[in-house]
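**Student:** Data: entry-v5.csv, CSV, C-alpha atoms.
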chain,number,residue,atom,x,y,z
P,1,MET,CA,-38.2,72.0,0.0
P,2,GLN,CA,-40.2,74.4,2.1
P,3,SER,CA,-40.1,73.6,5.9
P,4,GLN,CA,-43.3,72.7,7.6
P,5,PRO,CA,-44.8,75.2,10.0
P,6,LEU,CA,-44.8,74.5,13.7
P,7,PRO,CA,-47.6,72.0,14.5
P,8,LEU,CA,-49.6,74.3,16.9
P,9,GLU,CA,-49.5,77.4,14.7
P,10,GLY,CA,-52.9,79.0,14.9
P,11,ILE,CA,-53.8,77.5,18.2
P,12,THR,CA,-54.7,79.9,21.0
P,13,VAL,CA,-54.2,79.0,24.7
P,14,VAL,CA,-55.5,81.0,27.6
P,15,ALA,CA,-53.8,80.0,30.9
P,16,VAL,CA,-54.7,81.1,34.5
P,17,GLU,CA,-51.5,79.6,35.9
P,18,GLN,CA,-48.9,79.9,38.6
P,19,ALA,CA,-45.7,78.2,39.9
P,20,VAL,CA,-44.5,75.3,37.7
P,21,ALA,CA,-47.0,72.6,36.7
P,22,ALA,CA,-49.3,74.6,34.4
P,23,PRO,CA,-46.7,77.1,33.2
P,24,PHE,CA,-44.3,74.3,32.1
P,25,ALA,CA,-47.1,72.6,30.3
P,26,THR,CA,-48.1,75.7,28.4
P,27,ARG,CA,-44.5,76.6,27.6
P,28,GLN,CA,-44.3,73.4,25.6
P,29,LEU,CA,-47.4,74.5,23.7
P,30,ALA,CA,-45.8,78.0,23.1
P,31,ASP,CA,-42.5,76.4,21.9
P,32,LEU,CA,-44.5,74.4,19.3
P,33,GLY,CA,-46.2,77.5,17.9
P,34,ALA,CA,-49.3,78.2,20.0
P,35,ARG,CA,-50.2,81.6,21.1
P,36,VAL,CA,-50.3,81.5,24.9
P,37,ILE,CA,-51.9,84.3,26.9
P,38,LYS,CA,-50.8,84.0,30.5
P,39,VAL,CA,-53.3,85.5,32.9
P,40,GLU,CA,-51.6,86.9,36.0
P,41,ARG,CA,-52.5,88.8,39.1
P,42,ILE,CA,-52.1,92.6,39.0
P,43,ASP,CA,-50.3,92.6,42.3
P,44,GLY,CA,-47.1,90.8,41.5
P,45,GLY,CA,-48.3,88.3,38.9
P,46,ASP,CA,-47.4,84.6,39.0
P,47,PHE,CA,-45.8,84.2,42.4
P,48,ALA,CA,-43.0,82.2,40.8
P,49,ARG,CA,-41.7,85.6,39.6
P,50,GLY,CA,-40.5,86.2,43.2
P,51,TYR,CA,-38.9,82.8,43.9
P,52,ASP,CA,-35.4,84.1,43.4
P,53,SER,CA,-33.4,86.6,41.3
P,54,ALA,CA,-30.7,84.2,40.0
P,55,ALA,CA,-31.3,84.6,36.3
P,56,SER,CA,-29.7,88.0,35.8
P,57,GLY,CA,-32.2,89.5,38.3
P,58,LEU,CA,-35.2,87.4,37.2
P,59,ALA,CA,-36.5,84.2,38.9
P,60,SER,CA,-35.0,81.1,37.4
P,61,HIS,CA,-38.2,79.1,37.6
P,62,PHE,CA,-40.1,81.8,35.8
P,63,VAL,CA,-37.6,82.2,33.0
P,64,TRP,CA,-37.6,78.4,32.6
P,65,CYS,CA,-41.4,78.0,32.4
P,66,ASN,CA,-42.7,81.2,30.7
P,67,ARG,CA,-40.9,82.1,27.6
P,68,GLY,CA,-42.9,82.8,24.5
P,69,LYS,CA,-46.1,83.9,26.3
P,70,GLU,CA,-48.1,87.1,26.4
P,71,SER,CA,-48.6,88.4,29.9
P,72,LEU,CA,-52.1,89.8,30.7
P,73,ALA,CA,-52.3,91.3,34.2
P,74,VAL,CA,-56.0,91.4,35.3
P,75,ASP,CA,-58.0,91.3,38.6
P,76,LEU,CA,-60.2,88.2,38.3
P,77,LYS,CA,-62.1,89.3,41.4
P,78,ASP,CA,-63.5,92.3,39.5
P,79,PRO,CA,-66.4,91.3,37.2
P,80,ARG,CA,-64.9,93.4,34.4
P,81,GLY,CA,-61.6,91.5,34.7
P,82,LEU,CA,-63.3,88.1,34.8
P,83,ASP,CA,-65.3,89.2,31.7
P,84,VAL,CA,-62.1,89.8,29.9
P,85,VAL,CA,-60.9,86.3,30.5
P,86,ARG,CA,-64.3,84.8,29.6
P,87,ARG,CA,-64.2,86.7,26.3
P,88,LEU,CA,-60.7,85.4,25.6
P,89,VAL,CA,-61.8,81.8,26.4
P,90,ALA,CA,-64.7,82.1,24.0
P,91,ASP,CA,-62.3,82.4,21.1
P,92,ALA,CA,-59.6,80.1,22.4
P,93,ASP,CA,-58.7,76.5,21.5
P,94,VAL,CA,-57.3,75.6,24.9
P,95,PHE,CA,-57.7,76.7,28.5
P,96,VAL,CA,-55.4,75.6,31.3
P,97,GLN,CA,-55.6,76.4,35.0
P,98,ASN,CA,-53.9,75.3,38.2
P,99,LEU,CA,-55.5,77.5,40.8
P,100,ALA,CA,-56.1,76.2,44.4
P,101,GLN,CA,-58.7,73.5,44.6
P,102,GLY,CA,-62.2,75.1,44.1
P,103,ALA,CA,-61.0,78.5,43.1
P,104,ALA,CA,-61.5,78.0,39.3
P,105,ALA,CA,-65.0,76.6,39.9
P,106,ARG,CA,-66.0,79.6,42.0
P,107,LEU,CA,-65.0,81.8,39.1
P,108,GLY,CA,-66.7,79.6,36.5
P,109,LEU,CA,-63.3,78.8,35.0
P,110,ASP,CA,-63.2,75.0,35.7
P,111,ALA,CA,-63.0,72.7,32.8
P,112,ALA,CA,-66.5,71.2,33.1
P,113,THR,CA,-68.2,74.6,33.1
P,114,LEU,CA,-66.1,76.0,30.3
P,115,CYS,CA,-66.5,72.9,28.0
P,116,ALA,CA,-70.2,73.0,28.5
P,117,GLU,CA,-70.3,76.6,27.3
P,118,HIS,CA,-67.7,76.0,24.5
P,119,PRO,CA,-67.9,72.5,23.0
P,120,ARG,CA,-64.8,72.9,20.9
P,121,LEU,CA,-62.7,74.1,23.8
P,122,VAL,CA,-60.0,71.8,25.4
P,123,ALA,CA,-59.9,72.8,29.0
P,124,VAL,CA,-57.4,71.5,31.5
P,125,ASP,CA,-57.6,71.3,35.3
P,126,ILE,CA,-54.3,70.6,37.0
P,127,SER,CA,-54.6,69.9,40.7
P,128,GLY,CA,-52.5,68.4,43.5
P,129,TYR,CA,-54.6,65.3,44.3
P,130,GLY,CA,-57.6,65.4,42.0
P,131,PRO,CA,-61.1,66.9,42.4
P,132,SER,CA,-62.5,64.3,44.9
P,133,GLY,CA,-61.3,62.1,47.7
P,134,PRO,CA,-60.0,62.9,51.2
P,135,TYR,CA,-56.9,64.8,49.8
P,136,ALA,CA,-58.8,67.0,47.3
P,137,ASP,CA,-58.5,70.1,49.4
P,138,LYS,CA,-55.0,69.6,50.7
P,139,ARG,CA,-52.2,72.0,49.7
P,140,ALA,CA,-50.0,70.2,47.2
P,141,TYR,CA,-46.6,71.7,46.7
P,142,ASP,CA,-44.0,69.6,44.8
P,143,MET,CA,-42.0,68.2,47.7
P,144,LEU,CA,-45.2,67.3,49.6
P,145,VAL,CA,-46.4,65.3,46.6
P,146,GLN,CA,-43.0,63.7,46.2
P,147,CYS,CA,-43.5,62.4,49.8
P,148,GLU,CA,-47.1,61.2,49.2
P,149,ALA,CA,-46.2,59.5,46.0
P,150,GLY,CA,-43.3,57.5,47.6
P,151,LEU,CA,-40.6,59.0,45.5
P,152,VAL,CA,-38.7,60.3,48.5
P,153,SER,CA,-38.8,56.8,50.0
P,154,VAL,CA,-36.8,55.3,47.1
P,155,THR,CA,-34.4,58.2,46.7
P,156,GLY,CA,-31.3,58.8,48.8
P,157,THR,CA,-29.0,56.7,50.9
P,158,PRO,CA,-29.9,53.8,53.2
P,159,GLU,CA,-29.7,56.3,56.1
P,160,GLN,CA,-31.4,59.3,54.6
P,161,PRO,CA,-34.4,59.6,52.2
P,162,VAL,CA,-34.1,62.8,50.0
P,163,LYS,CA,-36.3,64.6,47.6
P,164,ALA,CA,-35.5,64.8,43.9
P,165,GLY,CA,-33.3,67.8,43.1
P,166,VAL,CA,-35.9,69.0,40.5
P,167,PRO,CA,-39.6,69.6,41.0
P,168,ALA,CA,-40.5,66.1,39.8
P,169,ALA,CA,-44.2,66.2,40.7
P,170,ASP,CA,-44.7,69.5,38.9
P,171,ILE,CA,-42.8,68.3,35.8
P,172,ALA,CA,-44.7,65.0,35.7
P,173,ALA,CA,-48.1,66.8,35.9
P,174,ALA,CA,-47.0,69.4,33.3
P,175,MET,CA,-46.0,66.8,30.8
P,176,TYR,CA,-49.2,64.8,31.2
P,177,ALA,CA,-51.2,68.0,30.8
P,178,PHE,CA,-49.2,68.8,27.7
P,179,SER,CA,-49.8,65.4,26.1
P,180,GLY,CA,-53.4,65.5,27.2
P,181,VAL,CA,-53.9,68.7,25.3
P,182,LEU,CA,-52.3,67.3,22.2
P,183,ALA,CA,-54.5,64.1,22.4
P,184,ALA,CA,-57.7,66.2,23.0
P,185,LEU,CA,-56.8,68.4,20.0
P,186,VAL,CA,-56.4,65.3,17.8
P,187,ARG,CA,-59.8,64.0,19.0
P,188,ARG,CA,-61.3,67.4,18.3
P,189,GLY,CA,-60.0,67.2,14.7
P,190,THR,CA,-62.0,64.0,14.2
P,191,THR,CA,-65.1,64.7,16.3
P,192,GLY,CA,-65.3,68.5,16.3
P,193,ARG,CA,-65.5,68.5,20.1
P,194,GLY,CA,-62.9,69.4,22.7
P,195,GLY,CA,-63.6,68.4,26.3
P,196,PRO,CA,-62.1,68.5,29.8
P,197,VAL,CA,-58.6,67.2,30.6
P,198,GLU,CA,-57.9,66.4,34.3
P,199,VAL,CA,-54.4,65.9,35.6
P,200,SER,CA,-53.3,65.6,39.2
P,201,MET,CA,-49.7,65.8,40.5
P,202,LEU,CA,-50.2,62.7,42.6
P,203,ASP,CA,-51.5,60.6,39.7
P,204,ALA,CA,-48.7,61.7,37.5
P,205,LEU,CA,-45.9,61.0,39.9
P,206,ALA,CA,-47.5,57.7,41.1
P,207,GLU,CA,-47.3,56.6,37.5
P,208,TRP,CA,-43.6,57.4,37.4
P,209,MET,CA,-43.2,55.2,40.4
P,210,GLY,CA,-44.2,52.2,38.3
P,211,HIS,CA,-41.1,50.0,38.8
P,212,PRO,CA,-40.9,50.2,42.6
P,213,LEU,CA,-44.7,50.0,42.9
P,214,HIS,CA,-44.9,46.8,40.8
P,215,HIS,CA,-41.8,45.5,42.5
P,216,ALA,CA,-43.5,45.9,45.9
P,217,MET,CA,-47.1,45.1,45.0
P,218,HIS,CA,-46.5,41.8,43.2
P,219,GLY,CA,-44.6,39.7,45.6
P,220,GLY,CA,-41.4,41.7,46.1
P,221,THR,CA,-40.3,44.2,48.7
P,222,PRO,CA,-39.9,47.9,48.3
P,223,PRO,CA,-36.5,48.7,46.7
P,224,GLU,CA,-33.9,49.8,49.2
P,225,ARG,CA,-32.3,53.3,48.9
P,226,THR,CA,-28.8,52.8,47.6
P,227,GLY,CA,-27.6,56.3,46.7
P,228,LEU,CA,-26.1,56.1,43.3
P,229,ALA,CA,-25.7,52.3,43.4
P,230,HIS,CA,-28.3,50.0,41.8
P,231,SER,CA,-30.2,47.9,44.3
P,232,VAL,CA,-30.1,44.7,42.1
P,233,ILE,CA,-27.3,45.2,39.6
P,234,VAL,CA,-23.5,45.1,40.4
P,235,PRO,CA,-21.3,46.9,39.5
P,236,TYR,CA,-23.6,49.8,38.9
P,237,ASP,CA,-22.4,52.8,41.0
P,238,VAL,CA,-20.2,55.9,41.0
P,239,TYR,CA,-16.5,55.7,41.6
P,240,SER,CA,-13.8,58.3,42.2
P,241,THR,CA,-10.9,58.9,39.9
P,242,ALA,CA,-7.3,60.2,40.5
P,243,ASP,CA,-8.1,63.8,39.5
P,244,GLY,CA,-11.1,64.2,41.8
P,245,GLY,CA,-13.7,63.3,39.1
P,246,ARG,CA,-16.4,60.8,39.6
P,247,VAL,CA,-17.5,58.2,37.0
P,248,LEU,CA,-20.6,56.0,37.0
P,249,LEU,CA,-20.4,52.7,35.3
P,250,SER,CA,-23.0,50.0,34.7
P,251,VAL,CA,-22.5,46.3,33.9
P,252,GLN,CA,-25.8,45.0,32.6
P,253,ASN,CA,-24.9,41.4,31.8
P,254,ASP,CA,-22.2,38.8,32.3
P,255,ARG,CA,-20.5,39.4,28.9
P,256,GLU,CA,-19.9,43.0,30.0
P,257,TRP,CA,-18.5,41.8,33.3
P,258,ARG,CA,-15.9,39.7,31.4
P,259,ARG,CA,-14.9,42.7,29.3
P,260,LEU,CA,-14.7,44.9,32.4
P,261,ALA,CA,-12.5,42.4,34.2
P,262,GLN,CA,-10.2,41.7,31.3
P,263,GLN,CA,-9.9,45.2,29.8
P,264,VAL,CA,-10.3,47.7,32.6
P,265,LEU,CA,-9.8,46.0,36.0
P,266,GLY,CA,-6.8,44.0,34.9
P,267,THR,CA,-8.2,40.9,36.5
P,268,PRO,CA,-8.9,38.5,33.7
P,269,GLU,CA,-8.9,35.6,36.1
P,270,LEU,CA,-12.2,36.9,37.5
P,271,ALA,CA,-14.0,37.0,34.2
P,272,ASP,CA,-15.4,33.5,34.7
P,273,ASP,CA,-14.8,33.1,38.4
P,274,PRO,CA,-18.0,31.6,40.0
P,275,GLY,CA,-17.8,34.3,42.7
P,276,TYR,CA,-18.2,37.1,40.1
P,277,ALA,CA,-19.3,35.6,36.8
P,278,THR,CA,-23.1,36.1,37.3
P,279,ASN,CA,-25.0,39.2,38.5
P,280,PRO,CA,-26.5,37.3,41.5
P,281,ALA,CA,-22.9,36.3,42.5
P,282,ARG,CA,-21.7,39.9,42.1
P,283,VAL,CA,-24.7,41.2,44.2
P,284,ALA,CA,-23.7,38.8,46.9
P,285,ASN,CA,-20.1,40.0,46.7
P,286,ARG,CA,-21.0,43.7,46.2
P,287,GLU,CA,-18.3,45.0,48.5
P,288,ARG,CA,-15.5,43.0,46.9
P,289,VAL,CA,-16.6,44.0,43.4
P,290,ASP,CA,-16.8,47.7,44.4
P,291,THR,CA,-13.3,47.4,45.9
P,292,LEU,CA,-11.9,46.1,42.6
P,293,VAL,CA,-13.5,48.8,40.5
P,294,THR,CA,-12.5,51.5,43.0
P,295,LYS,CA,-8.9,50.3,42.9
P,296,ALA,CA,-8.8,50.4,39.1
P,297,LEU,CA,-10.5,53.7,38.5
P,298,VAL,CA,-8.8,55.7,41.3
P,299,ALA,CA,-5.5,55.2,39.5
P,300,LEU,CA,-6.9,56.9,36.4
P,301,GLY,CA,-8.0,60.4,35.6
P,302,ALA,CA,-11.7,60.8,34.8
P,303,ASP,CA,-11.2,61.3,31.0
P,304,GLU,CA,-8.9,58.2,30.8
P,305,ALA,CA,-11.3,56.1,32.9
P,306,VAL,CA,-14.2,57.0,30.6
P,307,ALA,CA,-12.0,56.3,27.5
P,308,ARG,CA,-11.1,52.8,28.8
P,309,LEU,CA,-14.7,52.0,29.7
P,310,ASP,CA,-15.9,53.2,26.3
P,311,ALA,CA,-13.2,51.1,24.5
P,312,ALA,CA,-14.4,48.1,26.5
P,313,GLY,CA,-18.0,48.7,25.6
P,314,ILE,CA,-19.0,49.4,29.2
P,315,ALA,CA,-21.8,52.0,29.8
P,316,CYS,CA,-20.5,54.9,31.7
P,317,ALA,CA,-21.0,58.6,32.5
P,318,ARG,CA,-19.3,61.5,34.1
P,319,LEU,CA,-21.0,62.7,37.3
P,320,ARG,CA,-21.4,66.4,36.3
P,321,ASP,CA,-22.5,69.3,38.4
P,322,VAL,CA,-25.0,71.8,37.0
P,323,ARG,CA,-22.3,74.2,35.7
P,324,GLU,CA,-20.7,71.3,33.8
P,325,VAL,CA,-24.0,70.4,32.2
P,326,ALA,CA,-24.3,74.0,30.9
P,327,GLU,CA,-21.0,73.4,29.1
P,328,HIS,CA,-21.7,69.8,28.1
P,329,PRO,CA,-19.8,68.9,24.9
P,330,GLN,CA,-22.7,66.9,23.5
P,331,LEU,CA,-25.2,69.8,23.9
P,332,ALA,CA,-22.6,72.1,22.3
P,333,ALA,CA,-21.9,69.8,19.4
P,334,ARG,CA,-25.6,69.5,18.6
P,335,ASN,CA,-26.1,73.2,18.8
P,336,ARG,CA,-28.8,72.9,21.5
P,337,TRP,CA,-28.5,76.4,23.0
P,338,ARG,CA,-30.3,79.5,22.0
P,339,ASP,CA,-30.6,83.0,23.3
P,340,VAL,CA,-34.0,84.0,24.6
P,341,ASP,CA,-35.0,87.6,25.1
P,342,SER,CA,-36.1,88.8,28.5
P,343,PRO,CA,-36.5,92.0,30.5
P,344,ALA,CA,-33.0,91.4,31.8
P,345,GLY,CA,-31.6,90.9,28.2
P,346,PRO,CA,-30.7,87.7,26.3
P,347,LEU,CA,-30.6,84.5,28.4
P,348,ARG,CA,-29.3,81.1,27.3
P,349,ALA,CA,-31.9,78.4,27.1
P,350,LEU,CA,-32.0,74.9,25.7
P,351,LEU,CA,-34.0,74.0,22.7
P,352,PRO,CA,-37.0,71.9,23.8
P,353,PRO,CA,-36.4,68.1,23.5
P,354,ILE,CA,-39.0,67.6,20.8
P,355,THR,CA,-37.3,68.1,17.5
P,356,LEU,CA,-39.3,68.1,14.2
P,357,PRO,CA,-36.8,67.6,11.4
P,358,GLY,CA,-37.9,69.3,8.2
P,359,GLY,CA,-40.0,71.8,10.2
P,360,GLU,CA,-39.5,75.2,11.7
P,361,GLU,CA,-37.4,75.4,14.8
P,362,ALA,CA,-39.2,75.7,18.1
P,363,ARG,CA,-40.4,79.2,18.8
P,364,MET,CA,-38.5,80.2,21.9
P,365,GLY,CA,-40.1,83.6,22.5
P,366,ALA,CA,-39.2,86.2,25.0
P,367,VAL,CA,-39.9,86.0,28.8
P,368,PRO,CA,-42.6,88.6,29.4
P,369,ARG,CA,-42.7,91.4,31.9
P,370,LEU,CA,-45.8,91.4,34.1
P,371,GLY,CA,-48.6,92.9,32.1
P,372,GLU,CA,-46.4,93.5,29.1
P,373,HIS,CA,-49.2,92.5,26.6
P,374,THR,CA,-52.3,93.7,28.5
P,375,GLY,CA,-53.0,96.5,26.0
P,376,VAL,CA,-52.4,94.3,23.0
P,377,VAL,CA,-54.7,91.6,24.3
P,378,LEU,CA,-57.5,94.0,25.3
P,379,ARG,CA,-57.4,95.8,22.0
P,380,GLY,CA,-57.6,92.4,20.3
P,381,LEU,CA,-60.9,92.0,22.0
P,382,GLY,CA,-62.1,95.2,20.4
P,383,MET,CA,-61.5,97.6,23.3
P,384,THR,CA,-60.5,101.2,22.5
P,385,GLU,CA,-57.6,103.0,24.0
P,386,SER,CA,-60.1,104.8,26.2
P,387,ASP,CA,-61.5,101.5,27.4
P,388,VAL,CA,-58.1,100.1,28.3
P,389,ALA,CA,-57.1,103.4,30.0
P,390,GLY,CA,-60.3,103.2,32.1
P,391,LEU,CA,-59.6,99.6,33.2
P,392,ARG,CA,-56.0,100.6,34.1
P,393,ARG,CA,-57.2,103.6,36.1
P,394,ASP,CA,-59.7,101.5,38.1
P,395,GLY,CA,-57.0,98.9,38.9
P,396,VAL,CA,-58.8,96.1,36.9
P,397,VAL,CA,-55.7,95.5,34.7
P,398,ARG,CA,-52.1,96.5,34.8
Rewrite the structure from the file as structure tokens, please.
**Tutor:**
Amino acid sequence: MQSQPLPLEGITVVAVEQAVAAPFATRQLADLGARVIKVERIDGGDFARGYDSAASGLASHFVWCNRGKESLAVDLKDPRGLDVVRRLVADADVFVQNLAQGAAARLGLDAATLCAEHPRLVAVDISGYGPSGPYADKRAYDMLVQCEAGLVSVTGTPEQPVKAGVPAADIAAAMYAFSGVLAALVRRGTTGRGGPVEVSMLDALAEWMGHPLHHAMHGGTPPERTGLAHSVIVPYDVYSTADGGRVLLSVQNDREWRRLAQQVLGTPELADDPGYATNPARVANRERVDTLVTKALVALGADEAVARLDAAGIACARLRDVREVAEHPQLAARNRWRDVDSPAGPLRALLPPITLPGGEEARMGAVPRLGEHTGVVLRGLGMTESDVAGLRRDGVVR
């Protein structure tokens, strides 16, 4: 049986993008088969290229978010450069931008303007706080939005709030932009019309705050910061083992508590003890429960602790660092790693989480050099070598 093509084969995306939110969204589209033309500044390109040099000399953020794209380096402040992008948009299916508030509108590249000119186009505006309201013009970097959305208030220890260790606001906005594009393309398939898509980082991350928000808004109190412990379930925390490992376990119901007490803790008498038998009782006696679990696990190596918990049907996990994740046995067993080409040579990268059995594997194309595809893109617009050379000479493109 012949495999199905990637679902976005034949879709062209033009993206005036930078940092993480828009690039991560369009990378999902590229992985699923779309042609993504990344429009970059001629003087250094997407500033995420300069965040670090940890990925074999390349910036780790850029490598993560920009594989499989064509890099067009063009000066949008020059009318000839802006005309290049407008011509590309005229033949595109999707346009995505996350410029500073108001910048796209000044260039005529905002979603409303472009969709009025091109009714079949799906055009996405990604912003920090949305196009209106008192925060519309505020700078919106990921950690700032994590603070404004309340994520920092529920993350950390009782003494210290902390940000998430990944750019959660950027990722949230990216994934809503990605799903918004897919939804708009489905609608276009039935109506023939594209239309604007609007995503803000604050809206996206506030949605992810659903549990603590509803907990606080509807009669409860804001959840306390409890580190790796759960605020309302006990035991649900991380515990040290004899070999220096750390194992997190979670008891979700009273049946599981009985199994934990009998098969792991070695305290069968506590299985039905009123002081421990129900979750409210265990929450009230959190310190005593944690002491029991700590005593049992600190006598075991991490592998043995996990084996005993698994045998007892208790949910558990190793607390792994990033290097250990890169060697995770489950990712290896499922063959989730691929090599992606880049200016620094092949780099390991994970297959995207969306798997389409029976179809072609995700297209994990190369990470582009700045302006690597400028000539190809311009010639695709009908320009001659002389035209391209003239634009390069005048500093309009790179």
**Student:** Hey, which of P:Pro134, P:Pro368, P:Gly359, P:Pro79 ends up closest to Pro343 in chain P? Count all atoms listed in the file.
**Tutor:**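 Distance minimum relative to Pro343 in chain P lands on P:Pro368.
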**Student:** Name all residues at most 9 Å from Ala48 in chain P (count only C-alpha atoms; drop same-chain ones fewer than 5 positions away) and give them as a list in words.
**Tutor:**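 In the requested form, the answer reads Gln18, Ala19, Val20, Ala59, Ser60, His61 and Phe62 of chain P.
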**Student:** Pick the closest to Gly68 in chain P from P:Gln28, P:Ser53, P:Ser250, P:Thr291: which is it, counting all atoms listed in the file?
**Tutor:** P:Gln28
**Student:** Within 12 Å of range 269-285 of chain P, counting only C-alpha atoms, which residues qualify if same-chain residues fewer than 5 places away don't, as an NGL selection string?
**Tutor:** :P and (229-236 or 250-264 or 290-292)
**Student:** Work out how far apart CA of Asp43 in chain P and CA of Ala389 in chain P are and give it in Å to one decimal.
**Tutor:**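 Going from CA of Asp43 in chain P over to CA of Ala389 in chain P covers 17.7 Å.
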**Student:** What is the CA of Val340 in chain P-CA of Met364 in chain P distance in Å, reported with one decimal?
**Tutor:** 6.5 Å
**Student:** Which residue is closest to Val181 in chain P? Choose from P:Ile37, P:Val94, P:Leu391, P:Arg225 and count only C-alpha atoms.
**Tutor:**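 Of P:Ile37, P:Val94, P:Leu391, P:Arg225, the one nearest Val181 in chain P is P:Val94, counting only C-alpha atoms.
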**Student:** For Ala317 in chain P, which residue among P:Leu248, P:Val367, P:Leu297, P:Pro352 is the nearest when counting all atoms listed in the file?
**Tutor:**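 The closest residue to Ala317 in chain P is P:Leu248.
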**Student:** List as a list in words the protein and nucleic acid residues near Ala332 in chain P, meaning an atom at most 12 Å away when only C-alpha atoms are counted, but skip any in the same chain fewer than 6 places from it.
**Tutor:**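 Selected residues are Glu324, Val325, Ala326, Arg338, Leu350 and Leu351 of chain P.
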**Student:** If you count all atoms listed in the file, which residues fall within 6 Å of Ala242 in chain P, apart from same-chain ones fewer than 5 positions away, as a list in words?
**Tutor:**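 Surrounding residues, per the criterion: Val298, Ala299, Leu300 and Gly301 of chain P.
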**Student:** Go ahead and compute the interatomic distance for CA of Ala172 in chain P and CA of Leu205 in chain P, in Å to one decimal.
**Tutor:**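 One can read the CA of Ala172 in chain P to CA of Leu205 in chain P distance as 5.9 Å.
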**Student:** Which residues are close to Arg67 in chain P, i.e. within 10 Å by only C-alpha atoms, leaving aside same-chain residues fewer than 3 positions away? Reply as an MDAnalysis selection string.
**Tutor:** chainID P and resid 23:24 26:28 30:31 36 62:64 70 340:342 349 363:368
**Student:** Check the smallest atom-to-atom distance from each of P:Gly150, P:Gly156, P:Gly382, P:Gly219 to Leu202 in chain P using all atoms listed in the file, then report the winner.
**Tutor:**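 Once distances to Leu202 in chain P are computed over all atoms listed in the file, the minimum belongs to P:Gly150.
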**Student:** Of the candidates P:Ala184, P:Met175, P:Val377, P:Ala305, which one gets nearest to Asp243 in chain P if we count all atoms listed in the file?
**Tutor:**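 Of P:Ala184, P:Met175, P:Val377, P:Ala305, the one nearest Asp243 in chain P, counting all atoms listed in the file, is P:Ala305.
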**Student:** Within 12 Å of range 138-141 of chain P, which residues of range 169-228 of chain P show up? Give each one with its shortest atom-to-atom distance in Å (one decimal) and the two atoms involved, counting all atoms listed in the file, rows by chain then rising residue number, as CSV.
**Tutor:**
residue,atom,partner,partner_atom,distance
P:Ala169,CA,P:Tyr141,CA,8.5
P:Asp170,CA,P:Tyr141,CA,8.3
P:Ala173,CA,P:Ala140,CA,12.0
P:Ser200,CA,P:Ala140,CA,9.8
P:Met201,CA,P:Ala140,CA,8.0
P:Leu202,CA,P:Ala140,CA,8.8
